[in-house]
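Read the structure below first, then the notes.
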Amino acid sequence: MSNYILELKDVVKTFGGVTALNNVQFQLKRGEVHALMGENGAGKSTFIKVITGVHQPDSGIMLLEGESITLHSTSDSAKLGIAAIYQHVTAFPDLSVTENIFMGQEIMTPFHTYNWTAMTKRAKALIAPLSQDIDVTKPMNTLSVAQQQLVEIAKALSRDARIIIMDEPTASLTKTECEELYQIVERLRDDGVSIIFITHKFEDMYRLATRVTVFRDSQYIGTWDVDKISNSKLIAEMVGRELDQMYPHKTSKIGDVVLEVNKLSKEGYFKDISFKVRKGEILALTGLVGAGRTEVCQTLFGIMTADSGSILLEGNELTIKSPIDALKNGIGLLPEDRQLQGLVCELPIYQNVSAPVLKNFLKKGLLDQEAEIANAIELCSKIQVKAKDIVAPPSSLSGGNQQKVVFSKLLSCDLKVLILDEPTKGIDVGAKYSIYEIMNELASNGYAIIVVSSEMPEVLGTADRIVVMKSGRVTGEFAIADATQEKILEASLMKHSDTEQGA
Amino acid sequence: MSNPKLISRDLTVKDTFKLSKFLISWEMILIYILLIINIALIISQPSLYFANGTLSSIIQSGMDLSFMVLAMIFVLMIGAIDVSVASIMIVCSMVTGLMMDANFPSFLCVICGILAGGICGIFNGLLIAKLKMPAVIVTISTSMLFRGIVKIILDVNVLKNFPKFYSTVAWENLLGIPISLIFFLIAATIFGIILHHSKFGRELYMIGNNPTTTLYSGINVDGIQILVFTIMGLMAGISSIFFVGRMGGGVSSTMGTGYELNVIAICVLGGISTNGGKGRVYGPVIATLIMAFLIYTLGLMGVDANSRKILIGLILILAILIPHINKESIKQFKQNLSGKSKKASVTK
């Protein structure tokens, strides 16, 4: 009898000419939490899709409890007790929790109609140990992301899943939600479920996993016991080189105030927001998810309009009604969701880069594509975008490189203020470092930078000044020298009544 | 930046022209189809095919809606649709006809007719861009609205007074080439340059693929939508010239029904995605000719009008299906076939 519940040997998967998995090995013990780490594009997603039967490997073998299996579709893997919970929950948002759990495996009455009483009862029983706050009759879209994930877990359990794969489940969860998830994962592990936990966060790995496997460039790099590998060694294995430090050294000189925001308010979103950004300065806007940071940024960029308050650029008051106004005045935004707001993923990279400044490339009224391409190549090489060539669509790039294309797009505009909304979200360790480098370089070139970030180490590592928001209000402002993790956390958790008194 | 360990990759364009790829591009496939129809026609009716005037009358039969096809490319490109074009075309014809009856100078009548189309287009565009209503609903409604206005004004009367050049452009040849085809090719060239080489054209592709990103890129998405529908209206006005000319200079309120579907069908056959953001001008230009030849050929073969519709429907379904057939889907299909026999090995 095999020691492992799931074992993959020499798995190869290619798409056209691209090798997505190259001789990958993997061993999952019964009842263990196994972390799978690696940069974006390392092959983790393809790997899950092979295990769940979405893709069929070109060669190699898969052993489930020592027996060789072939999967043709996700229903095959579901039958064998393999379930995956994806980063972006793939549920039916308008259907109820019960309907979601029993989708495709409905309990029937003898008359071949749906037995809702039985299904609701069973759904309640499945959800109860996971969370007390989920009403199984409510539609899925009334739940938070964390709760939706719990429903997905319940769904996996309803199918007697023995192996659960979680793809970056903590990516969009708050600290408390993460902790709740950790406890549930531990409970599942104790019940004998084997879990593959894909994550970018070291915190997740240290908290949960006993072993960690690293992929890099579609290759299997190695598997270690979590307590026997150092953080720096692990990062080195993931990026394939030593990262001497997580954050690059700052070089910019801080100058005069460029952008001043005074008592900016928007009913239902934020109130009395005031701050200043100077030339060459990186101002971090932090706080918990939902504190209103993104809305403030979108107001500065003209996506939303403020009810009251003023925005001053170099002392002159601005009226910003649309992104057209914002860009004209030299305010650029790197949006939170690069695929939905930052890029046209199907069009060539160079067309994305020149999108906001097409009028600069007009020659006799028509677009000069040669000049566009030359400009895009210059900007993209400067920040080291890695792509097949400049006409490749961004959809073919990894997350980090996509983000760099959005940066190139901003750099092609003539800007004074850069607003970066979660610039490193969903980006792997190695690429993060180069994004920080780009931020520093831009600051030393005289841009005033506002960066929205939820990651505390990132805020402390990159910013010159930190503004903390909670429930649409500014609850603290710190110079980097006085800022500590504790102070920021305290400000971002400050109760509403405290804010009132403080203001 | 300052990290020498990262090697920046060469980003220069590497894909050069590949003949094999060009030969199987959708536009080339459309040309093959056009050739096949022609060959079939030559073989079955050689004397008729080479007879004087046959080819030009086939082409002329497809030219009246061709101008709307060009504008519809833009509409579909931004992910919208306009099913009110046939009604707009009749509005334009009516405006021109009524003004002719009132003895205005003919050039003024024609211009006012075309402008009437533009106004209808602006109306569509405003509802869609500013009130954020779905294009399909807006244009279904305005289609009835415009047609209703024409029906009330014209009742059962037929307008017969149109400028002389209407029948000239619709029926005459210049050096053996139909005048309507010449106008169409000139217009197609202009539309091609706009779509593929202008700032406006690039913005259409961007909106069609991702309107949010386009907005975030500082592009006036609403304005472009309104402009596209206005162009559509104006082109429906221009189409009305060729339409009335071909119909022999008489217009009644019920004419041109169903034209909007032909226009959209030709665009789709030409490779324009109804989801927006995909396709080129050349495809629908060839597809316009294919449709004209197809309808004419089927007519010659003695296929009656209703069966012709069935056949054209089937051909459209095939045309939409073909681009979806690729290596992956064939592989999938084979796997599904063999998968059924292998199921046993999985469930053990």
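Labels used: A, B, ... for chains in the order of the structure tokens, numbers from 1 for residues in each chain, and numbers from 1 for ligands as shown.
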Excluding same-chain residues fewer than 6 positions from segment 236-242 of chain B, what lies within 6 Å of it counting only C-alpha atoms, as a PyMOL selection string? chain B and resi 64-65+67-68+89+92-93+114+117+166+170
Shell around segment 37-51 of chain B at 10 Å using only C-alpha atoms, local window under 5 positions removed, as JSON, numbers by chain: {"B": [31, 32, 290, 293, 294, 296, 297, 298, 300, 301]}
Identify, on the basis of only C-alpha atoms, every residue whose closest approach to segment 203-217 of chain A does not exceed 7 Å; exclude the query and any residue fewer than 3 positions from it along the same chain; express the result as a CSV table (one decimal) with C-alpha atoms, in the first residue's frame.
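Contents of part-v6.csv, as written:
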```
chain,number,residue,atom,x,y,z
A,32,GLU,CA,-1.5,16.6,5.2
A,33,VAL,CA,-1.6,20.2,4.2
A,34,HIS,CA,0.8,20.5,1.3
A,35,ALA,CA,1.7,24.1,0.2
A,36,LEU,CA,2.4,24.6,-3.5
A,37,MET,CA,4.4,27.7,-4.2
A,38,GLY,CA,6.0,29.4,-7.2
A,39,GLU,CA,5.9,32.5,-9.2
A,41,GLY,CA,3.4,31.3,-14.6
A,42,ALA,CA,5.4,28.6,-12.9
A,43,GLY,CA,2.8,26.1,-13.9
A,182,TYR,CA,-6.9,28.3,8.8
A,220,TYR,CA,9.5,20.8,-10.4
A,221,ILE,CA,12.1,22.3,-8.2
A,222,GLY,CA,11.8,20.4,-4.9
A,223,THR,CA,9.8,19.5,-1.9
A,224,TRP,CA,10.8,20.4,1.7
A,225,ASP,CA,9.5,20.0,5.2
A,226,VAL,CA,8.3,23.5,6.1
A,238,MET,CA,11.1,30.2,-6.2
```
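Among the candidates A:Glu437, A:Asp482, A:Glu477, A:Asp160, the residue lying nearest to chain B is A:Glu437 (atoms considered: only C-alpha atoms).
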Would you tabulate, counting only C-alpha atoms, all residues of chain A that have an atom at most 6 Å from an atom of chain B, showing the closest pair of atoms and their distance in Å to one decimal, sorted by chain then ascending number, as a Markdown table?
```
| residue | atom | partner | partner_atom | distance |
| --- | --- | --- | --- | --- |
| A:Pro323 | CA | B:Gly218 | CA | 4.8 |
| A:Ile324 | CA | B:Gly218 | CA | 4.2 |
| A:Gln341 | CA | B:Thr213 | CA | 4.2 |
| A:Gly342 | CA | B:Thr213 | CA | 5.3 |
| A:Leu343 | CA | B:Thr213 | CA | 5.9 |
| A:Val344 | CA | B:Asn210 | CA | 5.7 |
| A:Pro356 | CA | B:Ser217 | CA | 4.8 |
| A:Leu366 | CA | B:Ser198 | CA | 4.7 |
| A:Leu367 | CA | B:Ser198 | CA | 5.3 |
| A:Gln384 | CA | B:Ser8 | CA | 5.0 |
| A:Lys386 | CA | B:Arg9 | CA | 5.8 |
| A:Asp389 | CA | B:Leu11 | CA | 4.2 |
| A:Ile390 | CA | B:Leu11 | CA | 5.2 |
```
Got a sec to tell me which of segment 61-123 of chain B DSSP assigns to alpha helix (DSSP H), as a PyMOL selection string? chain B and resi 61-63+66-77+85-101+106-123
Near segment 23-30 of chain B, counting only C-alpha atoms, which residues have an atom at most 8 Å away, once you skip same-chain residues fewer than 6 positions from it, shown as a PyMOL selection string? chain B and resi 270-271+282-283+286-287+290+323
Non-local contacts of Phe102 of chain A (10 Å; only C-alpha atoms; under 4 positions in same chain excluded) as a CSV table (one decimal) with N, CA and C atoms, in the first residue's frame:
```
chain,number,residue,atom,x,y,z
A,97,VAL,N,-27.3,29.3,-1.7
A,97,VAL,CA,-26.2,28.5,-1.2
A,97,VAL,C,-26.5,27.0,-1.4
A,98,THR,N,-27.8,26.6,-1.0
A,98,THR,CA,-28.2,25.2,-1.2
A,98,THR,C,-28.1,24.7,-2.6
A,106,GLU,N,-28.2,16.9,-7.3
A,106,GLU,CA,-29.4,17.2,-6.6
A,106,GLU,C,-30.0,15.9,-5.9
A,107,ILE,N,-30.6,16.1,-4.8
A,107,ILE,CA,-31.3,15.0,-4.1
A,107,ILE,C,-32.7,15.0,-4.7
A,119,MET,N,-32.5,18.7,0.8
A,119,MET,CA,-31.2,19.4,0.4
A,119,MET,C,-30.9,20.5,1.3
A,120,THR,N,-31.9,21.3,1.7
A,120,THR,CA,-31.7,22.4,2.7
A,120,THR,C,-31.2,21.8,4.0
A,122,ARG,N,-29.5,19.0,4.6
A,122,ARG,CA,-28.2,18.5,4.4
A,122,ARG,C,-27.2,19.7,4.2
A,123,ALA,N,-27.6,20.8,3.5
A,123,ALA,CA,-26.8,21.9,3.3
A,123,ALA,C,-26.5,22.6,4.7
A,154,ALA,N,-17.9,23.4,1.5
A,154,ALA,CA,-19.0,22.6,1.9
A,154,ALA,C,-19.5,21.7,0.7
A,155,LYS,N,-19.4,22.3,-0.5
A,155,LYS,CA,-19.7,21.6,-1.7
A,155,LYS,C,-18.8,20.4,-2.0
A,158,SER,N,-19.6,17.7,0.4
A,158,SER,CA,-20.8,17.0,0.1
A,158,SER,C,-20.6,15.9,-0.9
A,159,ARG,N,-19.5,16.1,-1.7
A,159,ARG,CA,-19.1,15.0,-2.6
A,159,ARG,C,-18.1,14.1,-2.1
```
Counting only C-alpha atoms, the option among A:Ile419, A:Gly426, A:Glu177, A:Arg473 closest to Leu264 of chain A: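 Answer, going by the shortest atom-to-atom distance: A:Arg473.
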Pull the strand (DSSP E) assignments for segment 74-256 of chain A out of DSSP run on the backbone, and list those residues as an MDAnalysis selection string. chainID A and resid 82:85 163:167 194:198 211:216 219:225
Between atom CA of Ile90 of chain B and atom CA of Trp171 of chain B - distance in Å to one decimal: 19.9 Å
For Glu422 of chain A: contacts at 6 Å, only C-alpha atoms, fewer than 6 positions along chain excluded, given as a list in words: Glu336, Val452 and Ser453 of chain A
Measure the distance from atom CA of Ile198 of chain A to atom CA of Glu168 of chain A in Å and round it to one decimal.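 Going from atom CA of Ile198 of chain A over to atom CA of Glu168 of chain A, I get 5.2 Å.
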So that I can check the surroundings of Ala376 of chain A, please list as a PyMOL selection string every protein, DNA and RNA residue that reaches within 10 Å of it, counting only C-alpha atoms and ignoring chain neighbours fewer than 6 positions away. (chain A and resi 349-354+370+382+390-391+405+408-409+411-412) or (chain B and resi 11-12)
Output N, CA and C atoms of each residue in that selection to a file, as a CSV table (one decimal), in the first residue's frame.
```
chain,number,residue,atom,x,y,z
A,349,ILE,N,0.4,44.4,-27.2
A,349,ILE,CA,1.0,45.2,-26.1
A,349,ILE,C,1.2,46.6,-26.6
A,350,TYR,N,1.7,46.9,-27.8
A,350,TYR,CA,2.0,48.2,-28.1
A,350,TYR,C,0.8,49.1,-28.2
A,351,GLN,N,-0.4,48.5,-28.6
A,351,GLN,CA,-1.6,49.2,-28.7
A,351,GLN,C,-2.1,49.6,-27.3
A,352,ASN,N,-1.8,48.7,-26.4
A,352,ASN,CA,-2.2,49.1,-25.0
A,352,ASN,C,-1.4,50.2,-24.5
A,353,VAL,N,-0.1,50.1,-24.8
A,353,VAL,CA,0.8,51.2,-24.2
A,353,VAL,C,0.5,52.5,-24.8
A,354,SER,N,0.1,52.6,-26.1
A,354,SER,CA,-0.1,53.9,-26.6
A,354,SER,C,-1.6,54.4,-26.5
A,370,GLU,N,4.5,52.3,-36.8
A,370,GLU,CA,6.0,52.1,-36.6
A,370,GLU,C,6.4,52.9,-35.3
A,382,LYS,N,12.6,49.4,-20.9
A,382,LYS,CA,13.1,50.2,-19.8
A,382,LYS,C,12.7,49.5,-18.5
A,390,ILE,N,6.5,42.6,-29.1
A,390,ILE,CA,5.7,43.8,-28.7
A,390,ILE,C,4.2,43.7,-29.3
A,391,VAL,N,4.0,42.8,-30.2
A,391,VAL,CA,2.7,42.6,-30.8
A,391,VAL,C,1.9,41.4,-30.1
A,405,VAL,N,3.2,46.2,-18.2
A,405,VAL,CA,2.6,46.8,-19.5
A,405,VAL,C,1.7,48.0,-19.0
A,408,SER,N,3.9,50.8,-18.3
A,408,SER,CA,4.4,51.4,-19.6
A,408,SER,C,3.4,52.3,-20.2
A,409,LYS,N,2.1,51.9,-20.1
A,409,LYS,CA,1.0,52.7,-20.6
A,409,LYS,C,1.0,54.0,-19.9
A,411,LEU,N,3.5,55.4,-18.3
A,411,LEU,CA,4.7,56.2,-18.6
A,411,LEU,C,4.6,56.9,-20.0
A,412,SER,N,3.8,56.4,-20.9
A,412,SER,CA,3.7,57.0,-22.2
A,412,SER,C,2.9,58.3,-22.1
B,11,LEU,N,12.2,42.8,-27.7
B,11,LEU,CA,10.7,42.9,-28.0
B,11,LEU,C,10.4,43.2,-29.4
B,12,THR,N,11.4,43.3,-30.3
B,12,THR,CA,11.1,43.6,-31.7
B,12,THR,C,10.2,42.6,-32.3
```
Please compute the atom CA of Asp155 of chain B-atom CA of Thr257 of chain B distance, one decimal, in Å.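 Separating atom CA of Asp155 of chain B from atom CA of Thr257 of chain B is a distance of 16.0 Å.
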